[in-house]
file model_17.txt (compact mmCIF, C-alpha atoms)
# COMPACT_ATOMS: atom_id res chain seq x y z
CA MET A 1 -212.67 -215.73 -142.35
CA ARG A 2 -212.92 -219.47 -141.81
CA ASN A 3 -213.34 -222.00 -144.60
CA GLY A 4 -216.78 -222.88 -143.26
CA GLN A 5 -217.93 -219.27 -143.46
CA VAL A 6 -216.61 -218.91 -147.03
CA ARG A 7 -218.42 -222.11 -147.98
CA ASN A 8 -221.65 -220.78 -146.46
CA ILE A 9 -221.37 -217.51 -148.40
CA VAL A 10 -220.67 -219.34 -151.68
CA HIS A 11 -223.60 -221.64 -150.96
CA ALA A 12 -225.92 -218.69 -150.28
CA ILE A 13 -224.84 -216.92 -153.51
CA THR A 14 -225.29 -220.15 -155.47
CA GLN A 15 -228.78 -220.66 -154.07
CA TRP A 16 -229.69 -217.03 -154.81
CA GLY A 17 -228.20 -217.01 -158.33
CA PRO A 18 -227.62 -220.05 -160.54
CA GLU A 19 -229.83 -222.39 -158.48
CA ALA A 20 -232.72 -219.95 -158.05
CA ILE A 21 -236.13 -221.30 -159.03
CA GLY A 22 -239.62 -219.91 -158.60
CA SER A 23 -242.70 -218.50 -160.28
CA THR A 24 -242.13 -217.44 -163.89
CA ARG A 25 -244.85 -214.80 -163.99
CA ALA A 26 -242.50 -211.87 -163.34
CA ALA A 27 -240.23 -213.17 -166.11
CA GLY A 28 -243.20 -213.47 -168.45
CA LEU A 29 -244.26 -209.88 -167.74
CA MET A 30 -240.69 -208.67 -168.27
CA ARG A 31 -240.53 -210.53 -171.58
CA MET A 32 -243.65 -208.78 -172.88
CA GLY A 33 -242.48 -205.42 -171.55
CA LEU A 34 -239.05 -205.64 -173.13
CA GLY A 35 -240.54 -206.76 -176.45
CA ALA A 36 -242.88 -203.77 -176.47
CA ILE A 37 -240.06 -201.36 -175.52
CA ALA A 38 -237.90 -202.75 -178.35
CA LEU A 39 -240.73 -202.11 -180.83
CA ILE A 40 -241.20 -198.56 -179.55
CA ARG A 41 -237.44 -197.85 -179.61
CA PHE A 42 -236.62 -199.24 -183.06
CA GLY A 43 -239.96 -199.52 -184.87
CA LYS A 44 -239.77 -196.16 -186.63
CA GLU A 45 -236.10 -196.56 -187.56
CA LEU A 46 -236.37 -200.13 -188.83
CA ALA A 47 -239.77 -200.22 -190.49
CA PRO A 48 -239.57 -201.08 -194.21
CA TYR A 49 -240.26 -197.45 -195.19
CA ALA A 50 -237.06 -196.41 -193.36
CA ILE A 51 -234.79 -199.16 -194.71
CA ASN A 52 -232.71 -199.45 -197.85
CA GLY A 53 -231.30 -202.60 -199.47
CA LEU A 54 -231.75 -206.31 -199.02
CA ILE A 55 -229.53 -206.61 -195.95
CA GLY A 56 -231.46 -203.84 -194.22
CA LEU A 57 -234.74 -205.49 -195.11
CA SER A 58 -233.50 -208.85 -193.78
CA LEU A 59 -232.54 -207.21 -190.47
CA THR A 60 -235.96 -205.56 -190.35
CA VAL A 61 -237.75 -208.87 -190.90
CA LEU A 62 -235.63 -210.57 -188.23
CA PHE A 63 -236.09 -207.74 -185.72
CA PHE A 64 -239.85 -207.49 -186.06
CA SER A 65 -240.25 -211.28 -186.07
CA PHE A 66 -238.28 -211.64 -182.84
CA ALA A 67 -240.06 -208.67 -181.25
CA PHE A 68 -243.53 -210.03 -181.95
CA THR A 69 -242.68 -213.64 -181.01
CA THR A 70 -241.12 -212.28 -177.81
CA ILE A 71 -244.28 -210.42 -176.89
CA LEU A 72 -246.51 -213.37 -177.76
CA GLY A 73 -244.18 -215.90 -176.15
CA ILE A 74 -243.70 -218.18 -179.16
CA ARG A 75 -240.54 -220.20 -178.48
CA ALA A 76 -240.13 -217.50 -175.88
CA ARG A 77 -236.55 -218.03 -174.70
CA LEU A 78 -235.24 -218.34 -178.25
CA SER A 79 -237.22 -215.28 -179.33
CA VAL A 80 -236.04 -213.04 -176.52
CA ALA A 81 -232.45 -214.23 -177.07
CA GLY A 82 -232.81 -213.43 -180.79
CA LEU A 83 -234.27 -210.01 -179.98
CA GLY A 84 -231.40 -209.31 -177.58
CA ALA A 85 -228.86 -210.39 -180.21
CA MET A 86 -230.47 -208.10 -182.80
CA ILE A 87 -230.40 -205.13 -180.42
CA MET A 88 -226.75 -205.78 -179.58
CA LEU A 89 -226.04 -205.99 -183.32
CA PHE A 90 -227.63 -202.55 -183.77
CA TYR A 91 -225.55 -201.33 -180.82
CA ALA A 92 -222.42 -202.59 -182.62
CA PHE A 93 -223.57 -200.88 -185.82
CA GLY A 94 -224.00 -197.65 -183.88
CA LEU A 95 -220.51 -197.94 -182.41
CA ASN A 96 -218.99 -198.51 -185.83
CA GLY A 97 -220.92 -195.82 -187.67
CA ILE A 98 -222.85 -198.31 -189.81
CA GLY A 99 -226.22 -197.56 -188.28
CA LEU A 100 -227.46 -194.54 -186.41
CA VAL A 101 -225.04 -193.09 -183.85
CA THR A 102 -227.87 -193.08 -181.31
CA TRP A 103 -227.94 -196.89 -181.45
CA ALA A 104 -224.71 -196.85 -179.43
CA HIS A 105 -226.45 -195.25 -176.45
CA HIS A 106 -226.59 -196.76 -172.99
CA HIS A 107 -230.36 -197.33 -173.14
CA VAL A 108 -229.92 -199.56 -176.23
CA TYR A 109 -227.15 -201.57 -174.53
CA LEU A 110 -229.30 -201.99 -171.41
CA LEU A 111 -232.28 -203.17 -173.46
CA GLY A 112 -230.18 -205.66 -175.45
CA MET A 113 -228.44 -207.03 -172.36
CA ALA A 114 -231.75 -207.35 -170.50
CA CYS A 115 -233.23 -209.44 -173.34
CA LEU A 116 -230.16 -211.68 -173.50
CA LEU A 117 -230.14 -212.18 -169.73
CA LEU A 118 -233.88 -212.83 -169.60
CA SER A 119 -233.43 -215.66 -172.10
CA LEU A 120 -231.56 -217.49 -169.31
CA SER A 121 -234.81 -217.62 -167.30
CA ASP A 122 -237.90 -219.70 -168.05
CA CYS A 123 -239.72 -216.64 -169.37
CA GLY A 124 -242.02 -218.63 -171.68
CA LYS A 125 -243.86 -220.59 -168.96
CA SER A 126 -246.25 -217.71 -168.20
CA PHE A 127 -248.35 -215.41 -170.37
CA SER A 128 -247.24 -217.08 -173.59
CA VAL A 129 -248.33 -219.07 -176.61
CA ASP A 130 -245.79 -221.65 -175.42
CA ARG A 131 -247.96 -222.15 -172.33
CA LEU A 132 -251.15 -222.41 -174.37
CA ARG A 133 -249.51 -225.06 -176.54
CA ALA A 134 -248.33 -226.99 -173.49
CA MET A 135 -251.86 -226.91 -172.07
CA ALA A 136 -253.35 -228.09 -175.36
CA THR A 137 -250.90 -230.84 -176.20
CA GLU A 138 -250.08 -232.33 -172.84
CA ASP A 139 -252.53 -234.67 -171.27
CA ARG A 140 -252.80 -233.00 -167.91
CA ALA A 141 -255.33 -232.86 -165.15
CA ARG A 142 -253.88 -229.51 -164.13
CA PRO A 143 -252.28 -226.79 -166.27
CA PRO A 144 -248.45 -226.88 -166.52
CA ALA A 145 -246.72 -225.24 -163.58
CA GLU A 146 -245.55 -221.66 -163.97
CA PHE A 147 -242.30 -222.52 -162.29
CA GLY A 148 -238.72 -222.51 -163.49
CA SER A 149 -235.19 -221.15 -163.39
CA LEU A 150 -234.68 -217.53 -162.31
CA LEU A 151 -231.00 -217.31 -163.22
CA GLY A 152 -231.59 -214.58 -165.80
CA GLN A 153 -233.64 -212.50 -163.36
CA ARG A 154 -230.83 -212.61 -160.81
CA LEU A 155 -228.33 -211.45 -163.43
CA ILE A 156 -230.69 -208.60 -164.38
CA ALA A 157 -230.76 -207.59 -160.68
CA LEU A 158 -226.94 -207.56 -160.72
CA GLN A 159 -227.00 -205.51 -163.94
CA LEU A 160 -229.19 -202.89 -162.25
CA SER A 161 -226.93 -202.85 -159.20
CA ALA A 162 -223.83 -202.40 -161.41
CA LEU A 163 -225.58 -199.65 -163.35
CA TYR A 164 -226.32 -197.68 -160.16
CA PHE A 165 -222.88 -198.22 -158.69
CA TRP A 166 -220.86 -197.21 -161.76
CA THR A 167 -223.04 -194.24 -162.63
CA ALA A 168 -222.54 -193.06 -159.02
CA VAL A 169 -218.78 -193.52 -159.43
CA ASP A 170 -218.95 -191.31 -162.53
CA LYS A 171 -220.74 -188.64 -160.49
CA SER A 172 -218.31 -188.75 -157.57
CA ASP A 173 -216.49 -185.53 -158.34
CA TRP A 174 -216.74 -181.87 -157.36
CA ALA A 175 -218.24 -180.89 -160.72
CA PHE A 176 -221.30 -183.05 -160.02
CA VAL A 177 -221.61 -182.62 -156.24
CA SER A 178 -221.46 -178.83 -156.58
CA GLY A 179 -224.41 -178.97 -158.97
CA GLN A 180 -222.44 -177.72 -161.99
CA ARG A 181 -222.98 -180.80 -164.18
CA LEU A 182 -226.69 -180.92 -163.37
CA GLU A 183 -226.92 -177.20 -164.17
CA GLN A 184 -225.27 -177.87 -167.56
CA THR A 185 -227.73 -180.66 -168.28
CA MET A 186 -230.66 -178.46 -167.24
CA THR A 187 -229.28 -175.58 -169.33
CA TRP A 188 -229.45 -177.75 -172.45
CA VAL A 189 -232.86 -179.22 -171.68
CA HIS A 190 -234.75 -176.37 -169.99
CA SER A 191 -233.29 -173.03 -171.21
CA GLY A 192 -236.12 -171.01 -172.72
CA ARG A 193 -238.72 -173.50 -171.50
CA ALA A 194 -241.24 -173.68 -168.66
CA LEU A 195 -238.82 -175.03 -166.04
CA GLU A 196 -236.04 -172.56 -166.81
CA PHE A 197 -236.46 -171.03 -163.34
CA VAL A 198 -234.60 -173.98 -161.75
CA LEU A 199 -231.42 -172.61 -163.34
CA HIS A 200 -231.68 -169.61 -161.02
CA TRP A 201 -231.43 -171.83 -157.93
CA PRO A 202 -227.89 -173.30 -157.98
CA ALA A 203 -228.18 -174.37 -154.32
CA LEU A 204 -231.23 -176.48 -155.21
CA LEU A 205 -229.31 -178.08 -158.10
CA ALA A 206 -226.38 -178.85 -155.77
CA LEU A 207 -228.75 -180.41 -153.23
CA ALA A 208 -230.48 -182.46 -155.95
CA SER A 209 -227.06 -183.64 -157.20
CA ILE A 210 -226.01 -184.81 -153.74
CA ILE A 211 -229.33 -186.61 -153.25
CA VAL A 212 -229.01 -188.37 -156.63
CA LEU A 213 -225.44 -189.45 -155.83
CA VAL A 214 -226.30 -190.81 -152.37
CA VAL A 215 -229.43 -192.54 -153.68
CA GLU A 216 -227.56 -194.23 -156.53
CA TYR A 217 -224.84 -195.61 -154.22
CA TRP A 218 -227.55 -196.79 -151.83
CA LEU A 219 -229.66 -198.37 -154.58
CA ALA A 220 -226.64 -200.35 -155.84
CA VAL A 221 -226.71 -202.28 -152.55
CA ALA A 222 -230.29 -201.87 -151.35
CA ILE A 223 -231.97 -203.49 -154.37
CA LEU A 224 -230.09 -206.71 -153.57
CA MET A 225 -230.94 -206.72 -149.84
CA ALA A 226 -234.29 -208.21 -148.84
CA ARG A 227 -234.73 -205.86 -145.88
CA TRP A 228 -234.26 -202.68 -147.95
CA ARG A 229 -235.76 -203.84 -151.24
CA GLN A 230 -239.25 -202.42 -150.81
CA ALA A 231 -237.95 -198.97 -149.89
CA ALA A 232 -235.33 -199.20 -152.66
CA ILE A 233 -237.96 -199.95 -155.27
CA LEU A 234 -240.09 -197.00 -154.17
CA VAL A 235 -237.13 -194.62 -154.15
CA GLY A 236 -235.84 -195.99 -157.46
CA LEU A 237 -239.22 -195.69 -159.15
CA THR A 238 -239.55 -192.09 -157.93
CA MET A 239 -236.08 -191.27 -159.27
CA HIS A 240 -236.67 -192.86 -162.69
CA ILE A 241 -240.09 -191.25 -163.10
CA SER A 242 -238.46 -187.90 -162.26
CA PHE A 243 -235.75 -188.54 -164.86
CA TYR A 244 -238.44 -189.43 -167.39
CA LEU A 245 -240.32 -186.19 -166.77
CA LEU A 246 -237.30 -183.88 -166.54
CA LEU A 247 -234.84 -185.26 -169.10
CA PRO A 248 -235.07 -186.71 -172.63
CA VAL A 249 -234.15 -190.22 -171.48
CA ASN A 250 -235.69 -192.10 -174.40
CA THR A 251 -236.52 -195.68 -173.32
CA TYR A 252 -234.01 -195.74 -170.42
CA SER A 253 -236.42 -195.05 -167.54
CA ILE A 254 -239.18 -197.35 -168.76
CA THR A 255 -236.67 -200.17 -169.38
CA VAL A 256 -235.33 -199.87 -165.82
CA ILE A 257 -238.87 -199.76 -164.43
CA VAL A 258 -239.76 -202.99 -166.28
CA LEU A 259 -236.51 -204.58 -165.04
CA TYR A 260 -237.57 -203.82 -161.45
CA LEU A 261 -239.80 -206.89 -161.85
CA ALA A 262 -236.58 -208.87 -161.46
CA LEU A 263 -236.17 -207.42 -157.95
CA LEU A 264 -239.58 -208.48 -156.68
CA ASP A 265 -240.22 -211.74 -154.88
CA PRO A 266 -241.50 -214.01 -157.71
CA ALA A 267 -243.96 -215.72 -155.35
CA ALA A 268 -245.39 -212.33 -154.32
CA VAL A 269 -245.84 -211.36 -158.00
CA HIS A 270 -247.59 -214.70 -158.58
CA ARG A 271 -249.96 -214.19 -155.63
CA PHE A 272 -250.65 -210.59 -156.64
CA ILE A 273 -251.70 -211.65 -160.14
CA ASP A 274 -253.90 -214.40 -158.72
CA CYS A 275 -255.59 -211.79 -156.54
CA MET A 276 -256.06 -209.45 -159.49
CA LEU A 277 -257.61 -212.27 -161.52
CA GLY A 278 -260.02 -213.05 -158.70
CA TYR A 279 -258.42 -216.20 -157.35
CA PRO A 280 -257.62 -215.15 -153.80
CA GLU A 281 -258.03 -218.72 -152.61
CA VAL A 282 -255.11 -219.78 -154.81
CA ALA A 283 -253.11 -216.79 -153.68
CA ARG A 284 -253.57 -217.74 -150.08
CA MET B 1 -207.39 -258.57 -157.37
CA THR B 2 -206.89 -256.56 -160.59
CA PRO B 3 -208.14 -253.01 -160.39
CA ASP B 4 -210.81 -251.91 -162.86
CA PRO B 5 -208.94 -250.01 -165.65
CA GLN B 6 -211.91 -247.69 -166.26
CA SER B 7 -212.12 -246.58 -162.64
CA MET B 8 -208.34 -246.02 -162.58
CA MET B 9 -208.65 -243.81 -165.64
CA ASP B 10 -211.50 -241.82 -164.06
CA GLN B 11 -209.42 -241.20 -160.95
CA ALA B 12 -206.34 -240.26 -162.97
CA SER B 13 -208.08 -237.75 -165.23
CA PRO B 14 -210.73 -235.77 -163.39
CA ALA B 15 -210.66 -233.21 -166.21
CA PHE B 16 -212.81 -235.55 -168.24
CA LYS B 17 -215.60 -235.44 -165.67
CA PRO B 18 -218.75 -234.63 -167.66
CA LEU B 19 -220.14 -231.13 -167.18
CA THR B 20 -223.52 -231.28 -165.50
CA MET B 21 -226.26 -228.71 -166.11
CA THR B 22 -225.84 -227.54 -162.53
CA SER B 23 -222.14 -226.85 -163.02
CA LEU B 24 -222.77 -225.20 -166.38
CA ARG B 25 -225.36 -222.89 -164.82
CA ARG B 26 -222.90 -221.95 -162.10
CA TYR B 27 -220.09 -221.20 -164.58
CA VAL B 28 -222.43 -219.12 -166.76
CA PHE B 29 -223.76 -217.20 -163.74
CA PHE B 30 -220.39 -216.35 -162.22
CA ALA B 31 -218.79 -215.47 -165.60
CA LEU B 32 -221.67 -213.15 -166.52
CA ALA B 33 -221.85 -211.68 -163.01
CA ALA B 34 -218.14 -210.80 -163.19
CA PHE B 35 -218.63 -209.25 -166.64
CA ILE B 36 -221.63 -207.21 -165.48
CA LEU B 37 -220.17 -206.03 -162.18
CA LEU B 38 -216.55 -205.44 -163.18
CA GLY B 39 -216.88 -204.65 -166.90
CA PRO B 40 -217.05 -200.87 -166.45
CA ALA B 41 -213.97 -200.81 -164.17
CA PRO B 42 -211.19 -200.58 -166.83
CA GLY B 43 -212.82 -197.59 -168.52
CA GLN B 44 -214.11 -195.74 -165.49
CA LEU B 45 -211.21 -196.37 -163.11
CA PHE B 46 -208.17 -196.76 -165.38
CA ASP B 47 -209.23 -194.96 -168.57
CA LYS B 48 -208.76 -198.18 -170.61
CA ARG B 49 -211.86 -197.92 -172.78
CA SER B 50 -213.51 -200.67 -174.81
CA PRO B 51 -216.90 -200.43 -176.50
CA TRP B 52 -217.76 -203.92 -175.25
CA LEU B 53 -217.10 -203.06 -171.63
CA ARG B 54 -219.92 -200.58 -171.33
CA GLU B 55 -219.29 -197.68 -168.97
CA TRP B 56 -222.27 -196.25 -167.10
CA VAL B 57 -221.70 -192.52 -167.59
CA MET B 58 -225.07 -191.59 -169.05
CA TYR B 59 -225.90 -187.90 -169.51
CA SER B 60 -222.42 -186.86 -168.35
CA GLY B 61 -221.87 -185.08 -171.67
CA VAL B 62 -225.23 -183.27 -171.82
CA GLY B 63 -224.65 -179.53 -171.58
CA VAL B 64 -220.94 -179.78 -172.34
CA GLY B 65 -219.94 -176.97 -174.69
CA LEU B 66 -222.77 -174.60 -173.72
CA PRO B 67 -221.99 -171.07 -172.51
CA LYS B 68 -223.29 -169.43 -169.32
CA GLY B 69 -222.78 -165.70 -169.02
CA VAL B 70 -223.35 -162.45 -170.87
CA PHE B 71 -222.57 -161.48 -174.44
CA THR B 72 -222.10 -157.69 -174.61
CA VAL B 73 -222.08 -155.43 -177.64
CA GLN B 74 -219.79 -152.47 -177.01
CA ASP B 75 -218.66 -149.42 -178.88
CA ALA B 76 -216.19 -146.67 -178.10
CA SER B 77 -218.53 -145.17 -175.48
CA GLY B 78 -219.01 -148.47 -173.60
CA PRO B 79 -221.60 -151.27 -173.42
CA VAL B 80 -224.52 -150.94 -175.83
CA ALA B 81 -226.56 -154.10 -175.17
CA ASP B 82 -226.38 -157.39 -173.26
CA TYR B 83 -227.52 -160.72 -174.68
CA THR B 84 -228.17 -164.09 -173.08
CA PRO B 85 -226.46 -167.14 -174.64
CA LEU B 86 -229.70 -168.15 -176.39
CA GLN B 87 -230.17 -164.64 -177.81
CA ALA B 88 -226.53 -164.61 -178.96
CA ALA B 89 -227.08 -167.86 -180.83
CA GLY B 90 -230.31 -166.59 -182.38
CA LEU B 91 -232.37 -169.27 -180.62
CA GLU B 92 -235.44 -169.25 -178.42
CA ARG B 93 -234.39 -172.54 -176.86
CA TYR B 94 -231.92 -175.32 -177.58
CA PRO B 95 -233.24 -177.82 -180.13
CA LEU B 96 -234.82 -181.13 -179.14
CA ILE B 97 -231.98 -183.22 -180.57
CA VAL B 98 -229.23 -185.37 -179.07
CA HIS B 99 -226.86 -182.83 -177.50
CA TYR B 100 -223.78 -183.82 -179.50
CA PHE B 101 -225.58 -183.09 -182.77
CA PHE B 102 -225.78 -179.41 -181.76
CA ASP B 103 -223.18 -177.87 -184.03
CA LYS B 104 -222.65 -174.71 -181.97
CA ARG B 105 -221.05 -176.41 -178.99
CA ILE B 106 -218.00 -174.58 -177.68
CA PHE B 107 -214.65 -176.21 -177.02
CA GLU B 108 -212.29 -173.30 -177.82
CA ASP B 109 -212.44 -169.52 -178.38
CA ALA B 110 -213.11 -169.91 -182.11
CA ASP B 111 -216.25 -171.95 -181.32
CA LEU B 112 -217.54 -169.03 -179.26
CA THR B 113 -217.29 -166.84 -182.37
CA ARG B 114 -219.23 -169.44 -184.37
CA TYR B 115 -221.82 -169.66 -181.56
CA ALA B 116 -222.52 -165.92 -181.77
CA ALA B 117 -222.12 -165.65 -185.56
CA ASP B 118 -225.58 -164.07 -186.05
CA LEU B 119 -224.83 -161.41 -183.48
CA CYS B 120 -221.44 -160.71 -185.11
CA GLU B 121 -223.12 -160.19 -188.48
CA GLY B 122 -225.45 -157.61 -187.01
CA LEU B 123 -222.73 -155.46 -185.45
CA LEU B 124 -222.45 -151.87 -186.65
CA PRO B 125 -219.07 -150.41 -187.61
CA GLY B 126 -217.06 -149.62 -184.51
CA GLN B 127 -218.89 -152.10 -182.33
CA HIS B 128 -217.45 -155.28 -180.94
CA LEU B 129 -218.82 -158.25 -179.06
CA SER B 130 -217.42 -159.64 -175.82
CA PHE B 131 -218.30 -162.65 -173.69
CA ASP B 132 -218.00 -162.69 -169.93
CA GLY B 133 -218.80 -166.12 -168.58
CA VAL B 134 -218.08 -169.82 -168.44
CA VAL B 135 -218.47 -172.83 -170.72
CA GLY B 136 -219.62 -176.30 -169.69
CA THR B 137 -217.08 -179.14 -169.59
CA ARG B 138 -217.15 -182.58 -167.97
CA LYS B 139 -215.19 -181.00 -165.12
CA GLY B 140 -217.78 -178.29 -164.55
CA TRP B 141 -217.98 -174.69 -165.71
CA VAL B 142 -214.67 -173.32 -167.06
CA PRO B 143 -214.09 -169.56 -167.49
CA MET B 144 -213.72 -168.46 -171.11
CA PRO B 145 -213.80 -164.64 -171.20
CA VAL B 146 -213.24 -163.17 -174.68
CA THR B 147 -213.05 -159.41 -175.24
CA ASN B 148 -213.51 -159.38 -179.01
CA LEU B 149 -215.41 -162.29 -180.50
CA CYS B 150 -215.88 -160.89 -183.98
CA ALA B 151 -212.36 -160.27 -185.20
CA GLN B 152 -213.46 -158.69 -188.48
CA THR B 153 -214.93 -155.70 -186.65
CA GLU B 154 -211.71 -155.00 -184.77
CA ASP B 155 -210.34 -152.59 -187.35
CA ALA B 156 -213.65 -151.11 -188.39
CA PRO B 157 -213.69 -147.30 -188.44
call {"tool": "encode", "arguments": {"input": "model_17.txt", "output": "structure tokens"}}
result
Amino acid sequence: MRNGQVRNIVHAITQWGPEAIGSTRAAGLMRMGLGAIALIRFGKELAPYAINGLIGLSLTVLFFSFAFTTILGIRARLSVAGLGAMIMLFYAFGLNGIGLVTWAHHHVYLLGMACLLLSLSDCGKSFSVDRLRAMATEDRARPPAEFGSLLGQRLIALQLSALYFWTAVDKSDWAFVSGQRLEQTMTWVHSGRALEFVLHWPALLALASIIVLVVEYWLAVAILMARWRQAAILVGLTMHISFYLLLPVNTYSITVIVLYLALLDPAAVHRFIDCMLGYPEVAR
Amino acid sequence: MTPDPQSMMDQASPAFKPLTMTSLRRYVFFALAAFILLGPAPGQLFDKRSPWLREWVMYSGVGVGLPKGVFTVQDASGPVADYTPLQAAGLERYPLIVHYFFDKRIFEDADLTRYAADLCEGLLPGQHLSFDGVVGTRKGWVPMPVTNLCAQTEDAP
């Protein structure tokens, strides 16, 4: 490969990643979604009635403060960074046996990382108290632009791609492809329940396993490619909704679905919201 | 003409070039991208695990330690009754808890005895319990046939 070609590739990656700018509406929606998911995931375990001691209470106050300011968009980037840091702290507690063991699960890590990465985008310029304040205090003829850095969104897209790739690597063995591992999972979840009959169709489980493996390898690449993205999002959504309905995935599926906002064209999200609000002339 | 000492210093020590926001953004992006994309590699490819390099192996342990097969109560005349794994454990279904909190998971023959403890307790003198089947592991189903699970009934009259 020539130097010129390498330079072009580096330039393209730089424009797509660290230099990316655009509408901040998708980032704003993600911010509210992640804040709500964090409340749902930890609310019951961290509410004052579930906490002992002053340190626990301090963590509770910090967590709920960051969660609510994240949703409302008050000092949005700082809030979502603080929320991400709190979630990663709980993840560390889970790993070290200080908190609940379930805090060390992959869905907690994904939620924490997503919040931290989102704080690298201008996620407070849309749907936020920050925006209301800017409109009130600045002497403007027009409202402040919902436009800013998308660096965090690009990193979230890479996080999703890595997640699909490495989980597919983990499944690339005979035990999974033959349907045995899926059968074990289904045995735990569905034995004695309404969908127990699937356990009597090992060929179907093997076919489903192969489809999941192929789809996950494909998604790892397809979500980053403009020409495949639309199909990838549809296939990915179908897969995650299926996981949600068939397995006890906690907040994993809904977190990934919210993070799919990072894959969409920010300008298209902006236009879509304009249309929904009845401003098609702006959208055009 | 005497050269400008400041410009000479700038040329001699490019390391002191101030970091612009653009450069900082690029460094942050590429460092985090490498961490995100390659972080799982040591654990998943080379078995060098670290809690801070998260591996993406979700749900790979669900169902590990569960039996699939038939538990059979036998006496001197032959098989008396067959039981499914759930029946042997005295359950209608597995509990809605995180799988690794299920204390009847099977990793060795002795765990199989613990799994079917209720059935063992109900055996009549002269009866014994066998298991013909497999147990879930991360490498798939592994055969674990046991002819007499309840050792205390072995010498019963």
call {"tool": "residues_around", "arguments": {"input": "model_17.txt", "residues": "Phe102 (chain B)", "least_positions_apart": "3", "cutoff": "12 Å", "atoms": "only C-alpha atoms", "output": "MDAnalysis selection string"}}
result
(chainID A and resid 188) or (chainID B and resid 62:66 89 94:99 105:106 115)
call {"tool": "write_last_selection", "arguments": {"input": "model_17.txt", "atoms": "C-alpha atoms", "output": "PDB file, keeping the file's coordinate frame"}}
result
ATOM      1  CA  TRP A 188    -229.450-177.750-172.450  1.00  0.00           C
TER       2      TRP A 188
ATOM      3  CA  VAL B  62    -225.230-183.270-171.820  1.00  0.00           C
ATOM      4  CA  GLY B  63    -224.650-179.530-171.580  1.00  0.00           C
ATOM      5  CA  VAL B  64    -220.940-179.780-172.340  1.00  0.00           C
ATOM      6  CA  GLY B  65    -219.940-176.970-174.690  1.00  0.00           C
ATOM      7  CA  LEU B  66    -222.770-174.600-173.720  1.00  0.00           C
ATOM      8  CA  ALA B  89    -227.080-167.860-180.830  1.00  0.00           C
ATOM      9  CA  TYR B  94    -231.920-175.320-177.580  1.00  0.00           C
ATOM     10  CA  PRO B  95    -233.240-177.820-180.130  1.00  0.00           C
ATOM     11  CA  LEU B  96    -234.820-181.130-179.140  1.00  0.00           C
ATOM     12  CA  ILE B  97    -231.980-183.220-180.570  1.00  0.00           C
ATOM     13  CA  VAL B  98    -229.230-185.370-179.070  1.00  0.00           C
ATOM     14  CA  HIS B  99    -226.860-182.830-177.500  1.00  0.00           C
ATOM     15  CA  ARG B 105    -221.050-176.410-178.990  1.00  0.00           C
ATOM     16  CA  ILE B 106    -218.000-174.580-177.680  1.00  0.00           C
ATOM     17  CA  TYR B 115    -221.820-169.660-181.560  1.00  0.00           C
TER      18      TYR B 115
END
call {"tool": "closest_atom_pairs", "arguments": {"input": "model_17.txt", "of": "chain B", "to": "chain A", "cutoff": "7 Å", "atoms": "all atoms listed in the file", "output": "tab-separated table"}}
result
residue	atom	partner	partner_atom	distance
B:Arg25	CA	A:Pro18	CA	5.6
B:Arg26	CA	A:Pro18	CA	5.3
B:Phe29	CA	A:Pro18	CA	5.8
B:Ala33	CA	A:Leu155	CA	6.5
B:Ile36	CA	A:Gln159	CA	5.8
B:Leu37	CA	A:Ala162	CA	5.2
B:Trp56	CA	A:Thr167	CA	5.0
B:Val57	CA	A:Thr167	CA	5.4
B:Met58	CA	A:His106	CA	6.7
B:Val62	CA	A:Thr185	CA	5.1
B:Gly63	CA	A:Gln184	CA	4.4
B:Val64	CA	A:Gln184	CA	6.7
B:Glu92	CA	A:Gly192	CA	6.0
B:Arg93	CA	A:Gly192	CA	4.7
B:Tyr94	CA	A:Trp188	CA	6.2
B:Gly136	CA	A:Gln184	CA	6.2
B:Lys139	CA	A:Ala175	CA	5.4
B:Gly140	CA	A:Ala175	CA	4.7
B:Trp141	CA	A:Gln180	CA	6.6
call {"tool": "residues_around", "arguments": {"input": "model_17.txt", "residues": "Ser65 (chain A)", "least_positions_apart": "4", "cutoff": "9 Å", "atoms": "only C-alpha atoms", "output": "count of residues only"}}
result
6
call {"tool": "atom_distance", "arguments": {"input": "model_17.txt", "atom1": "CA of Phe64 (chain A)", "atom2": "CA of Leu39 (chain A)"}}
result
7.6 Å
call {"tool": "closest_residue", "arguments": {"input": "model_17.txt", "among": "A:Val177, A:Val269, A:Leu263, A:Ile71", "to": "Ala231 (chain A)", "atoms": "only C-alpha atoms"}}
result
A:Leu263
call {"tool": "closest_residue", "arguments": {"input": "model_17.txt", "among": "B:Val146, B:Val73, B:Ala110, B:Met21", "to": "Gly126 (chain B)", "atoms": "all atoms listed in the file"}}
result
B:Val73
call {"tool": "atom_distance", "arguments": {"input": "model_17.txt", "atom1": "CA of Leu149 (chain B)", "atom2": "CA of Phe101 (chain B)"}}
result
23.3 Å
call {"tool": "atom_distance", "arguments": {"input": "model_17.txt", "atom1": "CA of Pro266 (chain A)", "atom2": "CA of Ala81 (chain A)"}}
result
21.4 Å
call {"tool": "axis_aligned_box", "arguments": {"input": "model_17.txt", "around": "region 47-61 of chain A", "padding_each_side": "4 Å", "output": "lines of an AutoDock Vina configuration file"}}
result
center_x = -234.9
center_y = -202.6
center_z = -194.9
size_x = 18.7
size_y = 20.5
size_z = 17.1
call {"tool": "residues_around", "arguments": {"input": "model_17.txt", "residues": "Gly84 (chain A)", "least_positions_apart": "6", "cutoff": "8 Å", "atoms": "only C-alpha atoms", "output": "PyMOL selection string"}}
result
chain A and resi 111-116
call {"tool": "residues_around", "arguments": {"input": "model_17.txt", "residues": "Ala67 (chain A)", "least_positions_apart": "4", "cutoff": "10 Å", "atoms": "all atoms listed in the file", "output": "list in words"}}
result
Arg31, Met32, Leu34, Gly35, Ala36, Ile37, Ala38, Leu39, Gly43, Val61, Leu62, Phe63, Ile71, Leu72, Gly73, Ser79, Val80, Gly82, Leu83, Gly84 and Met86 of chain A
